[in-house]
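Asker: Sending over coords33.pdb (PDB, C-alpha atoms and all ligand atoms).
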```
ATOM      1  CA  MET A  21      16.109 -23.177 -95.303  1.00  0.00           C
ATOM      2  CA  SER A  22      16.925 -22.628 -98.949  1.00  0.00           C
ATOM      3  CA  GLY A  23      19.560 -23.933-101.351  1.00  0.00           C
ATOM      4  CA  ASN A  24      22.727 -25.621-100.190  1.00  0.00           C
ATOM      5  CA  SER A  25      24.430 -22.800 -98.364  1.00  0.00           C
ATOM      6  CA  GLY A  26      23.395 -23.512 -94.785  1.00  0.00           C
ATOM      7  CA  HIS A  27      25.681 -23.462 -91.808  1.00  0.00           C
ATOM      8  CA  VAL A  28      26.977 -26.906 -90.821  1.00  0.00           C
ATOM      9  CA  LYS A  29      28.204 -27.503 -87.286  1.00  0.00           C
ATOM     10  CA  LEU A  30      29.856 -30.724 -86.039  1.00  0.00           C
ATOM     11  CA  VAL A  31      29.321 -31.847 -82.448  1.00  0.00           C
ATOM     12  CA  PRO A  32      31.163 -34.810 -80.840  1.00  0.00           C
ATOM     13  CA  CYS A  33      28.612 -36.989 -79.016  1.00  0.00           C
ATOM     14  CA  ALA A  34      28.155 -37.882 -75.359  1.00  0.00           C
ATOM     15  CA  GLU A  35      25.561 -39.840 -73.332  1.00  0.00           C
ATOM     16  CA  LYS A  36      22.944 -37.086 -73.811  1.00  0.00           C
ATOM     17  CA  HIS A  37      22.900 -37.816 -77.569  1.00  0.00           C
ATOM     18  CA  VAL A  38      21.737 -41.446 -77.155  1.00  0.00           C
ATOM     19  CA  ALA A  39      18.122 -40.934 -78.250  1.00  0.00           C
ATOM     20  CA  LEU A  40      19.124 -38.735 -81.180  1.00  0.00           C
ATOM     21  CA  LEU A  41      21.742 -41.221 -82.397  1.00  0.00           C
ATOM     22  CA  ALA A  42      19.263 -44.113 -82.177  1.00  0.00           C
ATOM     23  CA  GLU A  43      16.607 -42.242 -84.186  1.00  0.00           C
ATOM     24  CA  LEU A  44      19.068 -40.732 -86.685  1.00  0.00           C
ATOM     25  CA  GLY A  45      20.776 -44.087 -87.197  1.00  0.00           C
ATOM     26  CA  ALA A  46      17.581 -46.071 -87.745  1.00  0.00           C
ATOM     27  CA  LYS A  47      15.956 -43.427 -89.955  1.00  0.00           C
ATOM     28  CA  THR A  48      18.940 -42.810 -92.240  1.00  0.00           C
ATOM     29  CA  PHE A  49      19.662 -46.540 -92.600  1.00  0.00           C
ATOM     30  CA  GLU A  50      16.053 -47.179 -93.590  1.00  0.00           C
ATOM     31  CA  GLU A  51      16.051 -44.261 -96.051  1.00  0.00           C
ATOM     32  CA  ALA A  52      19.243 -45.499 -97.675  1.00  0.00           C
ATOM     33  CA  PHE A  53      18.460 -49.206 -97.971  1.00  0.00           C
ATOM     34  CA  ALA A  54      14.673 -49.769 -97.842  1.00  0.00           C
ATOM     35  CA  PRO A  55      14.441 -49.689-101.670  1.00  0.00           C
ATOM     36  CA  PHE A  56      17.069 -52.431-102.024  1.00  0.00           C
ATOM     37  CA  HIS A  57      16.543 -55.012 -99.274  1.00  0.00           C
ATOM     38  CA  PRO A  58      13.634 -57.130 -97.958  1.00  0.00           C
ATOM     39  CA  ALA A  59      11.793 -55.282 -95.150  1.00  0.00           C
ATOM     40  CA  ALA A  60      12.264 -58.174 -92.697  1.00  0.00           C
ATOM     41  CA  ASP A  61      16.074 -58.151 -93.067  1.00  0.00           C
ATOM     42  CA  LEU A  62      16.185 -54.388 -92.774  1.00  0.00           C
ATOM     43  CA  GLN A  63      13.999 -54.278 -89.662  1.00  0.00           C
ATOM     44  CA  LYS A  64      15.956 -57.071 -88.000  1.00  0.00           C
ATOM     45  CA  TYR A  65      19.224 -55.177 -88.574  1.00  0.00           C
ATOM     46  CA  ILE A  66      17.734 -51.839 -87.447  1.00  0.00           C
ATOM     47  CA  LYS A  67      16.278 -53.351 -84.269  1.00  0.00           C
ATOM     48  CA  GLU A  68      19.596 -54.952 -83.318  1.00  0.00           C
ATOM     49  CA  THR A  69      21.825 -52.041 -84.288  1.00  0.00           C
ATOM     50  CA  TYR A  70      19.974 -48.878 -83.287  1.00  0.00           C
ATOM     51  CA  GLN A  71      18.094 -49.738 -80.099  1.00  0.00           C
ATOM     52  CA  LEU A  72      18.774 -47.315 -77.229  1.00  0.00           C
ATOM     53  CA  GLU A  73      20.597 -49.878 -75.098  1.00  0.00           C
ATOM     54  CA  GLN A  74      22.934 -50.760 -77.965  1.00  0.00           C
ATOM     55  CA  ILE A  75      23.800 -47.092 -78.666  1.00  0.00           C
ATOM     56  CA  LYS A  76      24.300 -46.473 -74.936  1.00  0.00           C
ATOM     57  CA  PHE A  77      26.659 -49.473 -74.851  1.00  0.00           C
ATOM     58  CA  ASN A  78      28.545 -48.230 -77.943  1.00  0.00           C
ATOM     59  CA  LEU A  79      28.987 -44.742 -76.455  1.00  0.00           C
ATOM     60  CA  LYS A  80      30.726 -46.243 -73.422  1.00  0.00           C
ATOM     61  CA  LYS A  81      33.313 -48.080 -75.537  1.00  0.00           C
ATOM     62  CA  PRO A  82      36.620 -46.169 -75.540  1.00  0.00           C
ATOM     63  CA  GLU A  83      37.265 -47.047 -79.190  1.00  0.00           C
ATOM     64  CA  VAL A  84      33.946 -45.597 -80.422  1.00  0.00           C
ATOM     65  CA  GLN A  85      33.375 -41.922 -81.250  1.00  0.00           C
ATOM     66  CA  TYR A  86      30.198 -40.439 -82.728  1.00  0.00           C
ATOM     67  CA  ALA A  87      29.702 -36.929 -84.089  1.00  0.00           C
ATOM     68  CA  VAL A  88      26.471 -35.303 -85.295  1.00  0.00           C
ATOM     69  CA  ALA A  89      26.267 -32.699 -88.060  1.00  0.00           C
ATOM     70  CA  TYR A  90      23.726 -29.895 -87.633  1.00  0.00           C
ATOM     71  CA  PHE A  91      22.593 -28.016 -90.748  1.00  0.00           C
ATOM     72  CA  ASP A  92      21.152 -24.648 -89.703  1.00  0.00           C
ATOM     73  CA  PHE A  93      20.702 -26.086 -86.168  1.00  0.00           C
ATOM     74  CA  GLN A  94      18.797 -29.191 -87.388  1.00  0.00           C
ATOM     75  CA  ASP A  95      20.339 -32.634 -86.867  1.00  0.00           C
ATOM     76  CA  ALA A  96      21.127 -33.738 -90.399  1.00  0.00           C
ATOM     77  CA  GLY A  97      23.689 -36.533 -90.288  1.00  0.00           C
ATOM     78  CA  TYR A  98      26.228 -38.394 -88.225  1.00  0.00           C
ATOM     79  CA  VAL A  99      29.398 -40.380 -88.285  1.00  0.00           C
ATOM     80  CA  LYS A 100      30.484 -43.349 -86.136  1.00  0.00           C
ATOM     81  CA  LEU A 101      34.233 -43.894 -85.854  1.00  0.00           C
ATOM     82  CA  LEU A 102      36.273 -46.859 -84.600  1.00  0.00           C
ATOM     83  CA  LYS A 103      39.688 -45.881 -83.289  1.00  0.00           C
ATOM     84  CA  ASP A 104      42.797 -47.948 -84.041  1.00  0.00           C
ATOM     85  CA  THR A 105      41.255 -50.679 -86.193  1.00  0.00           C
ATOM     86  CA  ASN A 106      43.685 -53.419 -87.243  1.00  0.00           C
ATOM     87  CA  VAL A 107      43.748 -53.818 -91.007  1.00  0.00           C
ATOM     88  CA  GLU A 108      46.052 -56.275 -92.735  1.00  0.00           C
ATOM     89  CA  GLY A 109      48.255 -54.485 -95.235  1.00  0.00           C
ATOM     90  CA  LEU A 110      47.838 -50.973 -93.796  1.00  0.00           C
ATOM     91  CA  THR A 111      50.799 -49.807 -91.736  1.00  0.00           C
ATOM     92  CA  GLY A 112      50.396 -47.051 -89.159  1.00  0.00           C
ATOM     93  CA  ARG A 113      47.265 -46.134 -87.185  1.00  0.00           C
ATOM     94  CA  VAL A 114      43.920 -46.737 -88.893  1.00  0.00           C
ATOM     95  CA  LEU A 115      40.676 -44.881 -88.111  1.00  0.00           C
ATOM     96  CA  GLU A 116      37.593 -46.707 -89.393  1.00  0.00           C
ATOM     97  CA  ILE A 117      34.500 -44.816 -90.490  1.00  0.00           C
ATOM     98  CA  GLU A 118      31.935 -47.418 -89.434  1.00  0.00           C
ATOM     99  CA  LYS A 119      28.912 -45.290 -90.360  1.00  0.00           C
ATOM    100  CA  ILE A 120      28.444 -42.022 -92.233  1.00  0.00           C
ATOM    101  CA  TYR A 121      24.839 -41.107 -92.956  1.00  0.00           C
ATOM    102  CA  VAL A 122      22.925 -37.962 -93.926  1.00  0.00           C
ATOM    103  CA  ARG A 123      19.141 -37.607 -93.735  1.00  0.00           C
ATOM    104  CA  LYS A 124      17.518 -37.780 -97.180  1.00  0.00           C
ATOM    105  CA  VAL A 125      16.163 -34.202 -96.979  1.00  0.00           C
ATOM    106  CA  PHE A 126      19.683 -32.872 -96.333  1.00  0.00           C
ATOM    107  CA  LYS A 127      21.509 -34.886 -99.000  1.00  0.00           C
ATOM    108  CA  GLY A 128      23.461 -32.802-101.510  1.00  0.00           C
ATOM    109  CA  LYS A 129      23.861 -29.861 -99.104  1.00  0.00           C
ATOM    110  CA  LYS A 130      27.500 -30.582 -98.177  1.00  0.00           C
ATOM    111  CA  VAL A 131      26.638 -32.194 -94.854  1.00  0.00           C
ATOM    112  CA  GLY A 132      28.469 -35.375 -95.902  1.00  0.00           C
ATOM    113  CA  ALA A 133      31.469 -33.304 -97.011  1.00  0.00           C
ATOM    114  CA  ALA A 134      31.488 -31.507 -93.630  1.00  0.00           C
ATOM    115  CA  LEU A 135      31.353 -34.856 -91.801  1.00  0.00           C
ATOM    116  CA  MET A 136      34.190 -36.240 -93.925  1.00  0.00           C
ATOM    117  CA  GLN A 137      36.328 -33.101 -93.469  1.00  0.00           C
ATOM    118  CA  TYR A 138      35.762 -33.302 -89.707  1.00  0.00           C
ATOM    119  CA  VAL A 139      36.928 -36.940 -89.714  1.00  0.00           C
ATOM    120  CA  ILE A 140      40.003 -36.118 -91.827  1.00  0.00           C
ATOM    121  CA  ASN A 141      40.961 -33.224 -89.519  1.00  0.00           C
ATOM    122  CA  GLU A 142      40.444 -35.281 -86.344  1.00  0.00           C
ATOM    123  CA  ALA A 143      42.398 -38.219 -87.787  1.00  0.00           C
ATOM    124  CA  ILE A 144      45.375 -36.067 -88.792  1.00  0.00           C
ATOM    125  CA  ARG A 145      45.296 -34.193 -85.458  1.00  0.00           C
ATOM    126  CA  ASN A 146      45.466 -37.539 -83.622  1.00  0.00           C
ATOM    127  CA  GLY A 147      48.300 -38.993 -85.682  1.00  0.00           C
ATOM    128  CA  TYR A 148      46.390 -41.477 -87.851  1.00  0.00           C
ATOM    129  CA  SER A 149      47.870 -42.633 -91.164  1.00  0.00           C
ATOM    130  CA  TRP A 150      44.747 -44.124 -92.740  1.00  0.00           C
ATOM    131  CA  LEU A 151      40.986 -43.771 -92.955  1.00  0.00           C
ATOM    132  CA  TYR A 152      39.210 -47.032 -93.704  1.00  0.00           C
ATOM    133  CA  LEU A 153      35.588 -48.018 -94.413  1.00  0.00           C
ATOM    134  CA  GLY A 154      33.305 -50.650 -95.875  1.00  0.00           C
ATOM    135  CA  VAL A 155      30.624 -49.870 -98.448  1.00  0.00           C
ATOM    136  CA  TRP A 156      28.048 -52.131-100.102  1.00  0.00           C
ATOM    137  CA  GLN A 157      29.329 -52.828-103.613  1.00  0.00           C
ATOM    138  CA  GLU A 158      26.025 -51.688-105.148  1.00  0.00           C
ATOM    139  CA  ASN A 159      25.996 -48.358-103.274  1.00  0.00           C
ATOM    140  CA  THR A 160      27.476 -46.479-106.231  1.00  0.00           C
ATOM    141  CA  ASP A 161      26.449 -43.060-104.837  1.00  0.00           C
ATOM    142  CA  ALA A 162      28.458 -43.525-101.662  1.00  0.00           C
ATOM    143  CA  ILE A 163      31.385 -45.059-103.598  1.00  0.00           C
ATOM    144  CA  SER A 164      31.527 -41.924-105.832  1.00  0.00           C
ATOM    145  CA  PHE A 165      31.416 -39.743-102.714  1.00  0.00           C
ATOM    146  CA  TYR A 166      34.322 -41.666-101.133  1.00  0.00           C
ATOM    147  CA  GLU A 167      36.360 -41.599-104.361  1.00  0.00           C
ATOM    148  CA  LYS A 168      35.897 -37.836-104.428  1.00  0.00           C
ATOM    149  CA  PHE A 169      37.690 -37.731-101.071  1.00  0.00           C
ATOM    150  CA  GLY A 170      40.563 -39.921-102.291  1.00  0.00           C
ATOM    151  CA  PHE A 171      39.487 -43.350-101.020  1.00  0.00           C
ATOM    152  CA  LYS A 172      40.635 -46.383-103.025  1.00  0.00           C
ATOM    153  CA  THR A 173      39.324 -49.958-102.880  1.00  0.00           C
ATOM    154  CA  VAL A 174      41.803 -52.212-101.072  1.00  0.00           C
ATOM    155  CA  SER A 175      39.805 -55.412-100.483  1.00  0.00           C
ATOM    156  CA  THR A 176      36.329 -56.921-100.078  1.00  0.00           C
ATOM    157  CA  ARG A 177      34.347 -58.140 -97.056  1.00  0.00           C
ATOM    158  CA  LYS A 178      31.005 -59.807 -96.315  1.00  0.00           C
ATOM    159  CA  PHE A 179      28.391 -57.845 -94.388  1.00  0.00           C
ATOM    160  CA  LYS A 180      25.379 -59.414 -92.669  1.00  0.00           C
ATOM    161  CA  LEU A 181      22.061 -57.588 -93.080  1.00  0.00           C
ATOM    162  CA  GLY A 182      19.368 -59.586 -91.284  1.00  0.00           C
ATOM    163  CA  ASP A 183      19.554 -62.985 -92.959  1.00  0.00           C
ATOM    164  CA  GLN A 184      21.216 -61.601 -96.092  1.00  0.00           C
ATOM    165  CA  ILE A 185      24.941 -61.656 -96.801  1.00  0.00           C
ATOM    166  CA  CYS A 186      26.056 -58.564 -98.747  1.00  0.00           C
ATOM    167  CA  ASP A 187      29.392 -57.879-100.449  1.00  0.00           C
ATOM    168  CA  ASP A 188      31.266 -54.760 -99.366  1.00  0.00           C
ATOM    169  CA  PHE A 189      34.243 -52.987-100.897  1.00  0.00           C
ATOM    170  CA  MET A 190      36.784 -51.992 -98.261  1.00  0.00           C
ATOM    171  CA  MET A 191      38.204 -48.572 -99.107  1.00  0.00           C
ATOM    172  CA  ALA A 192      41.147 -46.699 -97.607  1.00  0.00           C
ATOM    173  CA  LYS A 193      42.481 -43.150 -97.770  1.00  0.00           C
ATOM    174  CA  ASP A 194      46.159 -42.432 -97.126  1.00  0.00           C
ATOM    175  CA  LEU A 195      46.407 -39.374 -94.862  1.00  0.00           C
ATOM    176  CA  ARG A 196      50.181 -39.039 -95.199  1.00  0.00           C
ATOM    177  CA  ASN A 197      50.172 -37.486 -98.682  1.00  0.00           C
TER     178      ASN A 197
HETATM  179  C1  LIG A 201      26.964 -40.509 -99.201  1.00  0.00           C
HETATM  180  C2  LIG A 201      26.520 -39.316 -98.334  1.00  0.00           C
HETATM  181  C3  LIG A 201      27.093 -39.453 -96.937  1.00  0.00           C
HETATM  182  C4  LIG A 201      27.048 -38.013 -98.992  1.00  0.00           C
HETATM  183  O1  LIG A 201      26.611 -36.907 -98.231  1.00  0.00           O
HETATM  184  P1  LIG A 201      25.919 -35.642 -98.908  1.00  0.00           P
HETATM  185  O2  LIG A 201      25.680 -34.634 -97.838  1.00  0.00           O
HETATM  186  O3  LIG A 201      24.757 -36.080 -99.689  1.00  0.00           O
HETATM  187  O4  LIG A 201      27.079 -35.144 -99.915  1.00  0.00           O
HETATM  188  P2  LIG A 201      27.623 -33.658-100.089  1.00  0.00           P
HETATM  189  O5  LIG A 201      26.503 -32.758-100.433  1.00  0.00           O
HETATM  190  O6  LIG A 201      28.443 -33.290 -98.916  1.00  0.00           O
HETATM  191  O7  LIG A 201      28.588 -33.829-101.357  1.00  0.00           O
HETATM  192  C5  LIG A 201      29.990 -33.781-101.237  1.00  0.00           C
HETATM  193  C6  LIG A 201      30.609 -34.032-102.577  1.00  0.00           C
HETATM  194  O8  LIG A 201      30.360 -35.382-102.949  1.00  0.00           O
HETATM  195  C7  LIG A 201      29.668 -35.417-104.181  1.00  0.00           C
HETATM  196  N1  LIG A 201      28.623 -36.429-104.136  1.00  0.00           N
HETATM  197  C8  LIG A 201      27.679 -36.588-103.191  1.00  0.00           C
HETATM  198  N2  LIG A 201      26.838 -37.580-103.537  1.00  0.00           N
HETATM  199  C9  LIG A 201      27.297 -38.032-104.740  1.00  0.00           C
HETATM  200  C10 LIG A 201      26.838 -39.009-105.657  1.00  0.00           C
HETATM  201  N3  LIG A 201      25.743 -39.709-105.407  1.00  0.00           N
HETATM  202  N4  LIG A 201      27.523 -39.214-106.781  1.00  0.00           N
HETATM  203  C11 LIG A 201      28.631 -38.478-107.075  1.00  0.00           C
HETATM  204  N5  LIG A 201      29.103 -37.510-106.275  1.00  0.00           N
HETATM  205  C12 LIG A 201      28.437 -37.295-105.128  1.00  0.00           C
HETATM  206  C13 LIG A 201      29.005 -34.064-104.320  1.00  0.00           C
HETATM  207  O9  LIG A 201      28.790 -33.734-105.676  1.00  0.00           O
HETATM  208  C14 LIG A 201      29.997 -33.159-103.672  1.00  0.00           C
HETATM  209  O10 LIG A 201      31.032 -32.807-104.577  1.00  0.00           O
HETATM  210  P3  LIG A 201      31.383 -31.271-104.879  1.00  0.00           P
HETATM  211  O11 LIG A 201      31.895 -30.742-103.565  1.00  0.00           O
HETATM  212  O12 LIG A 201      32.420 -31.348-105.935  1.00  0.00           O
HETATM  213  O13 LIG A 201      30.107 -30.638-105.293  1.00  0.00           O
HETATM  214  C15 LIG A 201      24.978 -39.197 -98.254  1.00  0.00           C
HETATM  215  O14 LIG A 201      24.445 -38.994 -99.528  1.00  0.00           O
HETATM  216  C16 LIG A 201      24.277 -40.361 -97.589  1.00  0.00           C
HETATM  217  O15 LIG A 201      24.080 -40.364 -96.375  1.00  0.00           O
HETATM  218  N6  LIG A 201      23.855 -41.367 -98.374  1.00  0.00           N
HETATM  219  C17 LIG A 201      23.045 -42.456 -97.882  1.00  0.00           C
HETATM  220  C18 LIG A 201      23.701 -43.272 -96.820  1.00  0.00           C
HETATM  221  C19 LIG A 201      24.919 -43.988 -97.298  1.00  0.00           C
HETATM  222  O16 LIG A 201      24.916 -44.602 -98.343  1.00  0.00           O
HETATM  223  N7  LIG A 201      25.966 -43.913 -96.464  1.00  0.00           N
HETATM  224  C20 LIG A 201      27.181 -44.605 -96.722  1.00  0.00           C
HETATM  225  C21 LIG A 201      27.046 -46.027 -96.315  1.00  0.00           C
HETATM  226  S1  LIG A 201      28.587 -46.885 -96.561  1.00  0.00           S
END
```
Please rewrite the model in this file as structure tokens.

Answerer:
Amino acid sequence: MSGNSGHVKLVPCAEKHVALLAELGAKTFEEAFAPFHPAADLQKYIKETYQLEQIKFNLKKPEVQYAVAYFDFQDAGYVKLLKDTNVEGLTGRVLEIEKIYVRKVFKGKKVGAALMQYVINEAIRNGYSWLYLGVWQENTDAISFYEKFGFKTVSTRKFKLGDQICDDFMMAKDLRN
């Protein structure tokens, strides 16, 4: 692998992806937030959120959709979507991006852009009007990435990480223009 010009392929997930999603989820969350949060809070959240049984349970929910991005055939990132989220103030169907994460070694290689483009295409194809997501207010890298794709802050929300309460910006992208 060299440079940024690898081939990125998006694959919608099924039951067979459970172990991969659990590992990819835990690893990318730790890579992103270990420098900023106490280890105990992080581990508590990771244990609750990414254990196999939890991912298996999530995959069975009709409103949940995961997709994995492969960069030159290596699993590099993923997205977790929530269909038809209700959001006060947004009219029309709303698709929530609950998680979008790229492994550290693949960051900056357009894997995130490929994941986001996949989500935009799927949302438009299925008649959604809005994309919606929450991002920790101090995660300036991700905020810049979302702004690049036309997301705007619409509100704030609290997010529980272990025993810590974090402040999120809620951002939305209008798909109708
Ligand atoms: C945010 C994230 C998904 C972006 O994915 P990525 O693969 O690194 O980004 P890409 O290489 O696809 O970049 C796409 C575009 O966004 C821009 N971008 C990416 N990271 C950026 C940053 N930190 N600051 C500003 N712009 C950024 C790129 O410059 C690129 O723009 P260009 O097409 O004009 O060159 C990824 O870095 C990540 O997983 N971060 C850690 C986890 C995280 O914070 N997830 C979000 C939690 S809410």

Asker: Write out, as a tab-separated table, each residue of stretch 95-133 of chain A that has an atom at most 10 Å from stretch 162-168 of chain A, together with the closest pair of atoms and their distance in Å to one decimal, counting all atoms listed in the file, rows going by chain and rising number.

Answerer:
```
residue	atom	partner	partner_atom	distance
A:Ile120	CA	A:Ala162	CA	9.5
A:Tyr121	CA	A:Ala162	CA	9.7
A:Gly132	CA	A:Phe165	CA	8.6
A:Ala133	CA	A:Phe165	CA	8.6
```

Asker: Which chains and residue numbers are within 8 Å of ligand LIG 201 (chain A), counting only C-alpha atoms and all ligand atoms, if I want them as a ChimeraX atom specification?

Answerer: /A:48-49,51-53,97,118-124,126-135,153-156,159-166,168-169

Asker: Can you write just those residues out, C-alpha atoms, as an mmCIF file, keeping the file's coordinate frame?

Answerer:
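And here is the file that came out, result_27.cif:
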```cif
data_model
loop_
_atom_site.group_PDB
_atom_site.id
_atom_site.type_symbol
_atom_site.label_atom_id
_atom_site.label_comp_id
_atom_site.auth_asym_id
_atom_site.auth_seq_id
_atom_site.Cartn_x
_atom_site.Cartn_y
_atom_site.Cartn_z
ATOM 1 C CA THR A 48 18.940 -42.810 -92.240
ATOM 2 C CA PHE A 49 19.662 -46.540 -92.600
ATOM 3 C CA GLU A 51 16.051 -44.261 -96.051
ATOM 4 C CA ALA A 52 19.243 -45.499 -97.675
ATOM 5 C CA PHE A 53 18.460 -49.206 -97.971
ATOM 6 C CA GLY A 97 23.689 -36.533 -90.288
ATOM 7 C CA GLU A 118 31.935 -47.418 -89.434
ATOM 8 C CA LYS A 119 28.912 -45.290 -90.360
ATOM 9 C CA ILE A 120 28.444 -42.022 -92.233
ATOM 10 C CA TYR A 121 24.839 -41.107 -92.956
ATOM 11 C CA VAL A 122 22.925 -37.962 -93.926
ATOM 12 C CA ARG A 123 19.141 -37.607 -93.735
ATOM 13 C CA LYS A 124 17.518 -37.780 -97.180
ATOM 14 C CA PHE A 126 19.683 -32.872 -96.333
ATOM 15 C CA LYS A 127 21.509 -34.886 -99.000
ATOM 16 C CA GLY A 128 23.461 -32.802 -101.510
ATOM 17 C CA LYS A 129 23.861 -29.861 -99.104
ATOM 18 C CA LYS A 130 27.500 -30.582 -98.177
ATOM 19 C CA VAL A 131 26.638 -32.194 -94.854
ATOM 20 C CA GLY A 132 28.469 -35.375 -95.902
ATOM 21 C CA ALA A 133 31.469 -33.304 -97.011
ATOM 22 C CA ALA A 134 31.488 -31.507 -93.630
ATOM 23 C CA LEU A 135 31.353 -34.856 -91.801
ATOM 24 C CA LEU A 153 35.588 -48.018 -94.413
ATOM 25 C CA GLY A 154 33.305 -50.650 -95.875
ATOM 26 C CA VAL A 155 30.624 -49.870 -98.448
ATOM 27 C CA TRP A 156 28.048 -52.131 -100.102
ATOM 28 C CA ASN A 159 25.996 -48.358 -103.274
ATOM 29 C CA THR A 160 27.476 -46.479 -106.231
ATOM 30 C CA ASP A 161 26.449 -43.060 -104.837
ATOM 31 C CA ALA A 162 28.458 -43.525 -101.662
ATOM 32 C CA ILE A 163 31.385 -45.059 -103.598
ATOM 33 C CA SER A 164 31.527 -41.924 -105.832
ATOM 34 C CA PHE A 165 31.416 -39.743 -102.714
ATOM 35 C CA TYR A 166 34.322 -41.666 -101.133
ATOM 36 C CA LYS A 168 35.897 -37.836 -104.428
ATOM 37 C CA PHE A 169 37.690 -37.731 -101.071
#
```

Asker: Which value, in Å to one decimal, gives the distance between atom CA of A:Phe189 and atom CA of A:Thr111?

Answerer: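 Interatomic distance, atom CA of A:Phe189 to atom CA of A:Thr111: 19.2 Å.
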
Asker: Grab the atom CA of A:Lys103 to atom CA of A:Glu142 distance for me, in Å with one decimal place.

Answerer: 11.1 Å

Asker: Apply the PyMOL selection byres (((chain A and resi 182) around 10) and not hetatm) to the structure shown and report the selected residues as a list in words.

Answerer: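 That selection, the PyMOL selection byres (((chain A and resi 182) around 10) and not hetatm), comes back as His57, Pro58, Ala59, Ala60, Asp61, Leu62, Gln63, Lys64, Tyr65, Ile66, Lys67, Glu68, Phe179, Lys180, Leu181, Asp183, Gln184 and Ile185 of chain A.
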
Asker: Let me know the residues the PyMOL selection byres (((chain A and resi 148) around 9) and not hetatm) catches in the file above, as a list in words.

Answerer: Asp104, Gly112, Arg113, Val114, Leu115, Glu142, Ala143, Ile144, Arg145, Asn146, Gly147, Ser149, Trp150, Leu151, Leu195 and Arg196 of chain A

Asker: By how many Å are atom CA of A:Asn106 and atom CA of A:Thr176 apart?

Answerer: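 If I compute the distance from atom CA of A:Asn106 to atom CA of A:Thr176, I get 15.2 Å.
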
Asker: Just say which residues the PyMOL selection byres (((chain A and resi 93) around 10) and not hetatm) picks in this file, as number ranges by chain.

Answerer: A: 26-29, 89-92, 94-96

Asker: Selection from above, C-alpha atoms, as a compact mmCIF listing (two decimals), in the frame of the given file, can you write it?

Answerer:
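Wrote it out as result16.txt, contents follow:
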```txt
# COMPACT_ATOMS: atom_id res chain seq x y z
CA GLY A 26 23.40 -23.51 -94.78
CA HIS A 27 25.68 -23.46 -91.81
CA VAL A 28 26.98 -26.91 -90.82
CA LYS A 29 28.20 -27.50 -87.29
CA ALA A 89 26.27 -32.70 -88.06
CA TYR A 90 23.73 -29.90 -87.63
CA PHE A 91 22.59 -28.02 -90.75
CA ASP A 92 21.15 -24.65 -89.70
CA GLN A 94 18.80 -29.19 -87.39
CA ASP A 95 20.34 -32.63 -86.87
CA ALA A 96 21.13 -33.74 -90.40
```

Asker: Around stretch 33-38 of chain A, with edges along x, y and z and 4 Å added on all six sides, what centre and edge lengths do you get, in Å to one decimal, as JSON?

Answerer:
```
{"center_x": 25.2, "center_y": -39.2, "center_z": -76.2, "size_x": 14.9, "size_y": 12.5, "size_z": 13.7}
```

Asker: With only C-alpha atoms as the basis for distance, which of A:Tyr70, A:Glu108, A:Leu30, A:Ile117 is at the shortest distance from A:Val174?

Answerer: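 Of all the options, A:Glu108 lies closest to A:Val174.
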
Asker: May I ask which of the residues A:Ala192, A:Leu79, A:Val139, A:Val88 is the closest one to A:Gly170, counting all atoms listed in the file?

Answerer: A:Ala192

Asker: Identify which of the residues A:Glu158, A:Pro32, A:Lys193, A:Glu50 lies closest to A:Val99, counting all atoms listed in the file when measuring atom-to-atom distances.

Answerer: A:Pro32

Asker: Excluding A:Ala34 and any residue of its chain fewer than 2 positions from it, enumerate the residues within 9 Å of it, using all atoms listed in the file, and give them as JSON, numbers by chain.

Answerer: {"A": [32, 36, 37, 38, 79, 80, 85, 86, 87]}
